[in-house]
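First comes the structure, then the notes that go with it.
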Amino acid sequence: MAAILCVAGAASAPALAGTPRLAATPPMGWNDWAHYQCGFTAQTILANARELVKSGLAARGYDTVTIDDCWMLKTRDRHGNLQPDPVRFPHGMRPVADAIHALGLKFGIYEDAGYATCGGFAGSGVPNGGGRPHFLADAKLFASWGVDYLKLDGCNVYAAKGESQNAAFRAAYRDEHLALERVGRPIVFSESAPAYFQGTPDWYDVLSWVRGYGQLWREGSDIEIFDRKNPDRSRFASVMWNYEYNLPLGRFQTPGNWNDSDFIIGGDRGVTLAESRSQLSLWAMMSAPLILSSNLDKLSRAALAVLGNRAVIGVDQDALGRMATLVRRDASHDVLIKPLTGGRYAVAVLNRSPGTLHIGLSPRELGFPGGACRFETHELWTNARNRALSTLSATIAAHDTAMWTIRPDARCGAPADVGTITRIVPKVPRGHRDAERYTLCLAAPGKVERCAGTGQETWTLGPDDTVRTAGECLAQSGDRAVVRACGLTASDRWHYTVLGNLINEASHRCLTGRTSGTLSVAACQHNAASQIWSLPSGGAVREVGAPRMARAARPMPGAARR
Ligand code: GAL
């Protein structure tokens, strides 16, 4: 997007400029939780670490082994230190960390910003009822073990009387951030805070502040865990849901600051090979962390080949770190495009339907203005290469994803930011969490609707701050938003904020799309779901000059230091 303006939030994201010191590309590795939960010992962890190396996955980039919840006791020792569970870790944690390092891997650990972890074990946060947190002492202990990665969950965060949940979480995550800085060891910091606000208006505020403290954050519900009693129960709906809630959040993501849509369970039972290809493709298109969570020893050769696909991993790890644009969505499929370094693009088509899908995509549909234009293509799951294709076509099995990298020739021209403009319905009941219910598309001549993949849902962001469809402009007309011939007046120009508002330049009011379908331009409210939009090009917010617009949202609540 060329000139759509960022007016809020960027100031809290120090990692926006330059090469980040930590996690310049999305973190990769393995974590025990989704497969084992609390059913592990040091042996389980080390066996998977060895398998990571033996299988070749470590060499493909999966380099961090993280021990999740349940590693510690419920109480601290008499000096206030955390105690590794002596049954699971009879020799303590240091030898486990050393063994992981000796394999050439990095070592990660789980803790919690509250007084107890989600499993009820000792947390680092403020004790229940108030008192001093343990962030610094625990960070020192982790550093002494050689921890390289910390996942800080958000169960049981204590909020003092009158203190908002948002403020209590912010204070806790900032304290951990400061503690990690104090101990001086480079430790990647994974924050679970936003996940505790999913579906609430505060979600966006939390997503704005976590960027200042850590390198990645979980923003929503857990991916479905392995069910020992029913191991083959399908977990694909959960993969789809995590993709669904993550995709609209591209504007929060830059290198060194990653949205985390949770573990890769692809390859494990409950996820077919086609579905595993889909998970890896979609996570790669979103530049999501790739953290495997399965019993690596039990993965089939075919599953290992999916998880280890170099080219797909390459798309995930591309240095631009952009989130894909949802070019088009209908009841059966999604089309995504993501810019890569070196003038290349990744394109993916997800077949969400239970039937086979035949697809053909022209350069124009992907945003390239040139007519007689060709792509040099690499189909990443079949490894087919072609030097000059005018259409990307594929036959895609149910739940599978086709994925390409493409290099457009000079005739294709510079691509515009073309695709859907969507808003979410934050409170979808469990059991109804599907793409059609959660995400609505902005459509000409002026409404929101279930996405149908039509031309009326295809928008182009102009370098002149216009939002166009079929050559006409989205414009404010009285209290309404309409599509009309572009007059290039302030009513045709829109500015985008990191909180997701589209603000009309003439009125300083917000584009408002109600679930009833009505589209209007109304006074901007703080994090109103009807006013929060996701734009093509991942909605990446680029600050262009000084903000010209008034702040739409009230400032984020500050968190007083304890
Ligand atoms: C959840 C978290 C999971 C896992 C679990 C441990 O809150 O999302 O990934 O860490 O806690 O209890």
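Just so we're on the same page: first chain in the structure tokens is A, next is B, and so on; residues restart at 1 for each chain, and ligands are numbered from 1 in the order they show up.
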
Just want the residues within 6 Å of ligand 1, written as a CSV table (one decimal) with N, CA and C atoms, in the first residue's frame, counting only C-alpha atoms and all ligand atoms.
chain,number,residue,atom,x,y,z
A,33,TRP,N,3.9,-29.3,23.9
A,33,TRP,CA,2.6,-29.2,24.5
A,33,TRP,C,1.5,-29.9,23.7
A,68,ASP,N,7.3,-26.8,27.6
A,68,ASP,CA,6.1,-26.1,27.9
A,68,ASP,C,5.7,-26.3,29.4
A,69,ASP,N,4.5,-26.0,29.7
A,69,ASP,CA,4.0,-26.1,31.1
A,69,ASP,C,4.3,-27.4,31.8
A,118,CYS,N,-1.0,-22.0,33.6
A,118,CYS,CA,-2.3,-22.6,33.3
A,118,CYS,C,-2.5,-23.9,34.0
A,119,GLY,N,-1.4,-24.7,34.2
A,119,GLY,CA,-1.5,-26.0,34.8
A,119,GLY,C,-1.5,-25.9,36.3
A,153,ASP,N,3.2,-17.3,29.4
A,153,ASP,CA,1.7,-17.5,29.2
A,153,ASP,C,1.0,-16.4,30.1
A,222,ASP,N,-5.9,-21.8,21.4
A,222,ASP,CA,-5.0,-22.9,21.2
A,222,ASP,C,-5.4,-23.8,20.0

Against stretch 259-268 of chain A, which residues of stretch 30-140 of chain A fall within 10 Å? For each one I want the closest pair of atoms and the distance in Å (one decimal), counting only C-alpha atoms, rows by chain and increasing residue number, as a Markdown table.
| residue | atom | partner | partner_atom | distance |
| --- | --- | --- | --- | --- |
| A:Trp30 | CA | A:Phe263 | CA | 8.5 |
| A:Asn31 | CA | A:Phe263 | CA | 8.0 |
| A:Asp32 | CA | A:Phe263 | CA | 9.9 |
| A:Trp33 | CA | A:Phe263 | CA | 8.8 |
| A:Ala34 | CA | A:Phe263 | CA | 7.3 |
| A:His35 | CA | A:Ile265 | CA | 8.3 |

Exercise for review: Would you return as a list in words the members of stretch 15-206 of chain A that DSSP assigns to strand (DSSP E or B) on this structure's backbone?
Suggested key: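 Output for stretch 15-206 of chain A, strand (DSSP E or B) only: Met28, Gly29, Trp30, Asn31, Thr64, Val65, Thr66, Ile67, Met72, Pro84, Lys106, Phe107, Gly108, Ile109, Tyr110, Glu111, Asp112, Ala116, Ala122, Tyr149, Leu150, Lys151, Leu152, Asp153, Val188, Phe189, Ser190 and Glu191 of chain A.
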
Exercise for review: For each of A:Gly92, A:Pro463, A:Gly500, A:Pro369, take the minimum atom-to-atom distance to A:Trp145, counting only C-alpha atoms, then give the residue where this is smallest.
Suggested key: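 Closest to A:Trp145, using only C-alpha atoms: A:Gly92.
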
Review point. In terms of the shortest atom-to-atom distance over only C-alpha atoms, which of A:Phe197, A:Phe189, A:Phe375, A:Phe368 is closest to A:Val418?
Key: A:Phe368

Study note, to complete from the structure: re atom CA of A:Arg233 and atom CA of A:Asn246: distance 23.5 Å
